[in-house]
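J.: As input, take structure-v6.cif (mmCIF, C-alpha atoms and all ligand atoms):
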```
data_coords
#
loop_
_atom_site.label_atom_id
_atom_site.label_comp_id
_atom_site.auth_asym_id
_atom_site.auth_seq_id
_atom_site.Cartn_x
_atom_site.Cartn_y
_atom_site.Cartn_z
CA MET K 13 114.25 139.24 78.31
CA LEU K 14 115.83 140.97 81.27
CA ILE K 15 113.31 142.37 83.72
CA PRO K 16 114.65 145.32 85.72
CA TRP K 17 115.10 144.22 89.33
CA HIS K 18 114.54 147.70 90.76
CA VAL K 19 112.32 150.32 89.11
CA ALA K 20 111.94 153.84 90.52
CA ILE K 21 109.19 156.19 89.42
CA ILE K 22 108.75 159.97 89.63
CA MET K 23 104.96 160.06 89.51
CA ASP K 24 104.40 163.50 88.04
CA GLY K 25 101.37 165.17 86.50
CA ASN K 26 98.55 164.64 88.99
CA GLY K 27 97.86 168.38 89.17
CA ARG K 28 97.88 168.85 85.40
CA TRP K 29 95.59 165.87 84.97
CA ALA K 30 93.08 167.44 87.38
CA VAL K 31 93.31 170.87 85.74
CA LYS K 32 92.67 169.28 82.34
CA GLN K 33 89.47 167.76 83.74
CA SER K 34 88.51 171.05 85.48
CA LEU K 35 88.80 169.29 88.84
CA PRO K 36 90.55 170.39 92.04
CA ARG K 37 94.20 169.23 92.16
CA ILE K 38 93.51 166.73 94.91
CA TRP K 39 91.41 164.72 92.46
CA GLY K 40 94.57 164.23 90.49
CA HIS K 41 96.22 162.71 93.56
CA LYS K 42 93.14 160.51 94.12
CA ARG K 43 93.41 159.20 90.58
CA GLY K 44 97.17 158.94 91.07
CA ILE K 45 96.57 156.51 93.91
CA GLU K 46 94.46 154.33 91.62
CA THR K 47 97.44 154.24 89.26
CA VAL K 48 99.71 153.29 92.17
CA LYS K 49 97.46 150.32 92.98
CA THR K 50 97.58 149.11 89.37
CA ILE K 51 101.31 149.63 88.94
CA VAL K 52 102.28 147.88 92.19
CA GLN K 53 100.26 144.85 91.16
CA VAL K 54 101.54 144.85 87.57
CA ALA K 55 105.16 145.39 88.63
CA ASP K 56 104.89 142.37 90.89
CA THR K 57 103.29 140.26 88.14
CA ILE K 58 105.97 141.25 85.62
CA GLY K 59 108.72 140.14 88.01
CA ILE K 60 110.10 143.46 89.19
CA LYS K 61 111.42 142.95 92.74
CA ILE K 62 111.71 146.50 94.08
CA LEU K 63 109.47 149.42 93.19
CA THR K 64 110.34 152.88 94.52
CA LEU K 65 107.70 155.60 94.25
CA TYR K 66 108.33 159.30 94.84
CA ALA K 67 105.21 160.37 96.72
CA PHE K 68 106.24 163.52 98.61
CA SER K 69 109.45 165.50 98.27
CA THR K 70 111.17 167.77 100.77
CA GLU K 71 110.16 170.59 98.39
CA ASN K 72 106.45 169.65 98.40
CA TRP K 73 105.94 171.50 101.71
CA LYS K 74 105.77 174.65 99.57
CA ARG K 75 102.32 173.58 98.36
CA PRO K 76 99.09 174.92 99.88
CA LYS K 77 98.45 173.36 103.29
CA ILE K 78 95.12 171.97 102.16
CA GLU K 79 96.79 170.05 99.32
CA ILE K 80 99.52 168.71 101.63
CA ASP K 81 97.02 167.62 104.27
CA SER K 82 94.75 165.93 101.73
CA LEU K 83 97.65 164.22 99.98
CA LEU K 84 99.04 162.85 103.25
CA SER K 85 95.68 161.66 104.47
CA LEU K 86 95.01 159.95 101.11
CA LEU K 87 98.36 158.27 101.37
CA VAL K 88 97.89 156.98 104.90
CA GLN K 89 94.38 155.82 104.00
CA PHE K 90 95.75 154.02 100.96
CA LEU K 91 98.36 152.20 103.07
CA LYS K 92 95.81 151.23 105.72
CA ASN K 93 93.38 149.95 103.08
CA GLU K 94 96.02 147.97 101.24
CA THR K 95 97.83 146.48 104.25
CA ASN K 96 96.03 143.13 104.22
CA LYS K 97 96.35 142.77 100.48
CA PHE K 98 100.06 143.60 100.69
CA ILE K 99 100.65 141.14 103.53
CA LYS K 100 98.97 138.35 101.52
CA ALA K 101 100.90 139.29 98.39
CA GLY K 102 104.23 139.11 100.24
CA ILE K 103 104.93 142.80 99.80
CA ARG K 104 107.23 144.60 102.21
CA LEU K 105 106.92 148.35 102.66
CA ARG K 106 109.78 150.70 103.36
CA ILE K 107 109.38 154.45 103.75
CA LEU K 108 112.29 156.49 102.46
CA GLY K 109 112.67 159.96 103.90
CA ASP K 110 112.72 162.08 107.01
CA LEU K 111 109.56 161.23 108.89
CA SER K 112 110.38 163.53 111.80
CA LYS K 113 108.50 166.37 110.04
CA PHE K 114 105.21 164.48 110.11
CA PRO K 115 102.64 164.59 112.91
CA GLN K 116 103.09 161.77 115.43
CA GLU K 117 99.86 160.04 114.41
CA ILE K 118 101.00 159.77 110.79
CA ARG K 119 104.38 158.41 111.91
CA ASP K 120 102.66 155.86 114.13
CA GLU K 121 100.43 154.72 111.27
CA LEU K 122 103.37 154.42 108.90
CA ASN K 123 105.43 152.45 111.42
CA LYS K 124 102.47 150.20 112.08
CA VAL K 125 101.85 149.29 108.44
CA CYS K 126 105.57 148.75 107.85
CA MET K 127 105.73 146.44 110.87
CA PHE K 128 102.79 144.35 109.61
CA MET K 129 104.69 143.71 106.38
CA ALA K 130 108.15 143.41 107.91
CA LYS K 131 108.44 139.64 107.43
CA ASN K 132 107.66 139.76 103.72
CA THR K 133 110.52 139.33 101.29
CA ARG K 134 109.06 138.63 97.84
CA PHE K 135 108.51 142.19 96.65
CA GLU K 136 109.69 145.46 98.14
CA LEU K 137 107.69 148.65 97.83
CA ASN K 138 109.57 151.82 98.76
CA ILE K 139 107.55 154.97 99.18
CA ALA K 140 109.59 158.17 99.31
CA LEU K 141 107.96 160.59 101.75
CA ASN K 142 109.45 163.91 102.72
CA TYR K 143 112.31 162.60 100.67
CA GLY K 144 115.12 164.60 99.11
CA ALA K 145 118.31 162.99 97.90
CA ARG K 146 120.53 165.75 99.26
CA GLN K 147 118.84 165.48 102.65
CA GLU K 148 119.35 161.71 102.48
CA LEU K 149 123.07 162.17 101.85
CA VAL K 150 123.45 164.71 104.66
CA HIS K 151 121.61 162.30 106.96
CA ALA K 152 123.89 159.45 105.85
CA PHE K 153 127.08 161.48 106.45
CA LYS K 154 125.90 162.53 109.91
CA GLU K 155 125.12 158.92 110.75
CA MET K 156 128.56 157.83 109.55
CA LEU K 157 130.19 160.46 111.77
CA LYS K 158 128.12 159.23 114.72
CA HIS K 159 129.42 155.73 114.00
CA GLY K 160 132.98 157.04 113.91
CA ILE K 161 133.42 156.26 110.22
CA LYS K 162 136.18 158.53 108.91
CA ASN K 163 137.11 156.79 105.69
CA PRO K 164 133.89 155.63 104.00
CA THR K 165 133.82 153.66 100.75
CA GLU K 166 131.01 153.83 98.20
CA GLN K 167 129.55 150.72 99.83
CA THR K 168 129.66 152.35 103.25
CA ILE K 169 127.75 155.38 101.96
CA SER K 170 125.15 153.17 100.23
CA SER K 171 124.66 151.29 103.47
CA PHE K 172 123.69 154.49 105.30
CA LEU K 173 121.08 155.58 102.74
CA TYR K 174 117.36 154.92 103.21
CA THR K 175 117.70 152.23 100.51
CA ALA K 176 120.40 150.36 102.49
CA GLY K 177 120.71 146.75 101.40
CA GLN K 178 118.82 147.22 98.15
CA PRO K 179 120.46 147.22 94.73
CA ASP K 180 120.32 150.54 92.86
CA PRO K 181 117.43 151.16 90.43
CA ASP K 182 117.98 149.69 86.98
CA LEU K 183 115.30 151.89 85.50
CA LEU K 184 114.02 155.33 86.47
CA ILE K 185 110.68 156.35 84.96
CA ARG K 186 109.34 159.89 85.01
CA THR K 187 105.81 160.67 83.86
CA SER K 188 104.43 163.86 82.34
CA GLY K 189 107.38 164.87 80.24
CA GLU K 190 109.68 166.94 82.45
CA LEU K 191 113.38 166.19 81.92
CA ARG K 192 114.43 166.56 85.54
CA ILE K 193 115.59 164.34 88.40
CA SER K 194 113.99 166.58 91.07
CA ASN K 195 116.35 165.59 93.88
CA PHE K 196 115.36 161.90 93.65
CA LEU K 197 117.84 159.12 94.52
CA LEU K 198 120.84 161.10 93.26
CA TRP K 199 123.35 158.58 94.58
CA GLN K 200 121.42 155.47 93.62
CA ILE K 201 120.64 156.39 89.98
CA ALA K 202 124.28 156.82 88.95
CA TYR K 203 123.87 154.07 86.32
CA SER K 204 120.10 153.78 86.00
CA GLU K 205 118.48 153.91 82.60
CA ILE K 206 116.09 156.86 82.39
CA TYR K 207 112.75 156.70 80.62
CA VAL K 208 110.49 159.76 80.36
CA THR K 209 106.95 159.63 79.04
CA ASP K 210 104.55 162.51 78.35
CA THR K 211 101.71 160.50 79.91
CA LEU K 212 100.42 162.10 83.12
CA TRP K 213 100.64 159.80 86.16
CA PRO K 214 96.85 159.30 86.55
CA ASP K 215 96.76 158.14 82.90
CA PHE K 216 99.77 155.80 83.25
CA THR K 217 98.65 152.22 82.61
CA GLU K 218 99.96 148.69 82.69
CA ASN K 219 100.75 149.08 79.00
CA ASP K 220 102.84 152.21 79.68
CA LEU K 221 104.88 150.28 82.25
CA ARG K 222 105.39 147.46 79.76
CA ILE K 223 106.52 149.97 77.10
CA ALA K 224 109.02 151.50 79.57
CA ILE K 225 110.40 148.04 80.30
CA SER K 226 110.71 147.12 76.65
CA GLU K 227 112.59 150.41 76.08
CA PHE K 228 114.87 149.44 78.95
CA GLN K 229 115.44 146.05 77.34
CA LYS K 230 116.65 147.76 74.15
CA ARG K 231 119.27 149.79 76.00
CA GLU K 232 122.86 148.65 76.09
CA ARG K 233 124.08 149.05 79.64
CA ARG K 234 127.82 149.49 79.72
CA PHE K 235 128.32 150.95 83.23
CA GLY K 236 131.13 153.06 81.83
CA GLY K 237 132.85 150.11 80.17
CA VAL K 238 132.85 148.74 76.62
CA ASN K 239 130.58 145.89 75.55
CA LYS K 240 132.09 143.25 73.31
C1 LIG I 1 103.16 164.99 91.24
O1 LIG I 1 102.05 165.60 90.67
C2 LIG I 1 102.74 164.08 92.25
C3 LIG I 1 102.92 164.25 93.58
C4 LIG I 1 103.56 165.41 94.19
C5 LIG I 1 102.42 163.28 94.52
C6 LIG I 1 102.41 161.87 94.05
C7 LIG I 1 101.45 161.16 94.88
C8 LIG I 1 100.58 160.21 94.46
C9 LIG I 1 100.55 159.64 93.11
C10 LIG I 1 99.56 159.68 95.36
C11 LIG I 1 100.03 158.98 96.58
C12 LIG I 1 101.15 158.07 96.42
C13 LIG I 1 101.23 156.80 96.89
C14 LIG I 1 102.52 156.08 96.83
C15 LIG I 1 100.08 156.09 97.46
P1 LIG I 1 101.94 167.17 90.72
O2 LIG I 1 100.90 167.51 91.72
O3 LIG I 1 103.29 167.77 90.91
O4 LIG I 1 101.42 167.42 89.26
P2 LIG I 1 101.71 168.68 88.35
O5 LIG I 1 103.20 168.68 88.10
O6 LIG I 1 100.91 168.36 87.13
O7 LIG I 1 101.22 169.87 89.09
#
```
Show how you would write the structure in this file as structure tokens.
T.:
Amino acid sequence: MLIPWHVAIIMDGNGRWAVKQSLPRIWGHKRGIETVKTIVQVADTIGIKILTLYAFSTENWKRPKIEIDSLLSLLVQFLKNETNKFIKAGIRLRILGDLSKFPQEIRDELNKVCMFMAKNTRFELNIALNYGARQELVHAFKEMLKHGIKNPTEQTISSFLYTAGQPDPDLLIRTSGELRISNFLLWQIAYSEIYVTDTLWPDFTENDLRIAISEFQKRERRFGGVNK
């Protein structure tokens, strides 16, 4: 059966999970990180080649400062803790998004962990941080202008996105039931299959990922054409 090469996930529902357990929201993010660890490992085992996770959107700055600070420090801690494991597993990390908004020390840490994994090629993990698809497109257009490109093709535009060089997601998963794209990979998901589950991200398991993939395998992808 066809395994999706590139899977993107909108990891939603951490806050609701915490509220359901009468815990502060940040506990939802802590549990969400445990799910990330499982899903990265399972995705790799299943044979997925690129996993893109939406960790922090350009809109998430509207959250209370304490939640933002805790979420970012959990994230950086996660990456530092996992670096050796990722290097051994052949995982390469790419951060998608505008990092200029982050404090210098966070940027340095992120650059450092990416550099450690730069030679890996077997599995690519993209983490979208201060990411918004419209911002990404604006950034790409500005870059094209800087390069004097006046007549871009679709390929040219793709090559100026944060996902440059990677094939578009075959499957987009969203947890916790909302039927929205939330400014995620607008260009890249033009032909992605979309799978939404009511499961909250901290409750999302290996089995849920396998169910999403088997749903994907049942879909008939026509890319606007007609299948014989
Ligand atoms: C949505 O839940 C989730 C986020 C805004 C952050 C996602 C981050 C993680 C899972 C942890 C760190 C990520 C990585 C890649 C290590 P929400 O807070 O919007 O939940 P709600 O909609 O129930 O309030």
J.: Using only C-alpha atoms and all ligand atoms, determine which residues fall within 8 Å of ligand LIG 1 (chain I), then list them as a ChimeraX atom specification.
T.: /K:22-30,37,40-45,47-49,65-69,72,83-84,86-88,90-91,139-140,188,212-214
J.: Take atom CA of K:Ser226 and atom CA of K:Gly189 and report the distance between them in Å, one decimal.
T.: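 Atom CA of K:Gly189 lies at a distance of 18.4 Å from atom CA of K:Ser226.
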J.: So how far away is atom CA of K:Ala20 from atom CA of K:Phe128, in Å?
T.: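 Those two atoms sit 23.2 Å apart.
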J.: Using only C-alpha atoms, which protein or nucleic acid residues come within 8 Å of K:Ile206? Drop anything in the same chain fewer than 4 positions from it, and give the result as a PyMOL selection string.
T.: chain K and resi 183-186
J.: Produce a file of the selected residues containing C-alpha atoms, as a CSV table (one decimal), in the coordinates of the input.
T.:
```
chain,number,residue,atom,x,y,z
K,183,LEU,CA,115.3,151.9,85.5
K,184,LEU,CA,114.0,155.3,86.5
K,185,ILE,CA,110.7,156.4,85.0
K,186,ARG,CA,109.3,159.9,85.0
```
J.: Name the residues in contact with stretch 170-175 of chain K at a cut-off of 7 Å, using only C-alpha atoms, excluding same-chain residues fewer than 6 positions from it; report them as a list in words.
T.: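 The residues that qualify are Leu108, Gly109, Glu148, Leu149 and Ala152 of chain K.
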J.: Under the rule that all atoms listed in the file are counted, which of K:Gln116, K:Ser194, K:Thr64, K:Asn239 is the nearest residue to K:Asp180?
T.: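 Going through K:Gln116, K:Ser194, K:Thr64, K:Asn239 one by one, the smallest distance to K:Asp180 is for K:Thr64.
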J.: So which one's closest to K:Ile78, K:Ile118, K:Ile193, K:Ile38, K:Ile107? Using only C-alpha atoms, please.
T.: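 Looking only at the distances to K:Ile78, the closest residue turns out to be K:Ile38.
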J.: What's the separation between atom CA of K:Asn195 and atom CA of K:Ile80, in Å to one decimal place?
T.: 18.8 Å
J.: Neighbouring residues of K:Asp182 were defined as those with any atom within 8 Å, considering only C-alpha atoms; residues of the same chain fewer than 2 positions away were excluded. Please report them as a PyMOL selection string.
T.: chain K and resi 16-19+180+184+201+203-205
J.: If we count all atoms listed in the file and set the cut-off at 9 Å, which residues sit around K:Glu218, ignoring sequence neighbours fewer than 3 positions away in its own chain? Please answer as a short mmCIF file (atom, residue, chain, number, x, y, z; two decimals) with C-alpha atoms, in the coordinates of the input.
T.:
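Final output, around.cif:
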```
data_model
loop_
_atom_site.label_atom_id
_atom_site.label_comp_id
_atom_site.auth_asym_id
_atom_site.auth_seq_id
_atom_site.Cartn_x
_atom_site.Cartn_y
_atom_site.Cartn_z
CA THR K 47 97.44 154.24 89.26
CA THR K 50 97.58 149.11 89.37
CA ILE K 51 101.31 149.63 88.94
CA VAL K 54 101.54 144.85 87.57
CA ALA K 55 105.16 145.39 88.63
CA LEU K 221 104.88 150.28 82.25
CA ARG K 222 105.39 147.46 79.76
CA ILE K 223 106.52 149.97 77.10
#
```
J.: May I ask which of the residues K:Glu155, K:Glu121, K:Leu14, K:Gln229 is the closest one to K:Asn93, counting all atoms listed in the file?
T.: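 So, comparing all the options, the nearest one is K:Glu121.
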J.: Restricting the calculation to all atoms listed in the file: of K:Thr168, K:Gln178, K:Asn219, K:Asn142, which residue gets closest to K:Trp73?
T.: K:Asn142
J.: Would you please work out which residue, of K:Val31, K:Ala224, K:Val52, K:Val208, is nearest to K:Leu105 when using all atoms listed in the file?
T.: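 Once distances to K:Leu105 are computed over all atoms listed in the file, the minimum belongs to K:Val52.
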J.: For a quick check of understanding, using all atoms listed in the file, which of K:Gln53, K:Gln147, K:Ser34, K:Thr211 has the smallest distance to K:Glu71?
T.: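 Going through K:Gln53, K:Gln147, K:Ser34, K:Thr211 one by one, the smallest distance to K:Glu71 is for K:Gln147.
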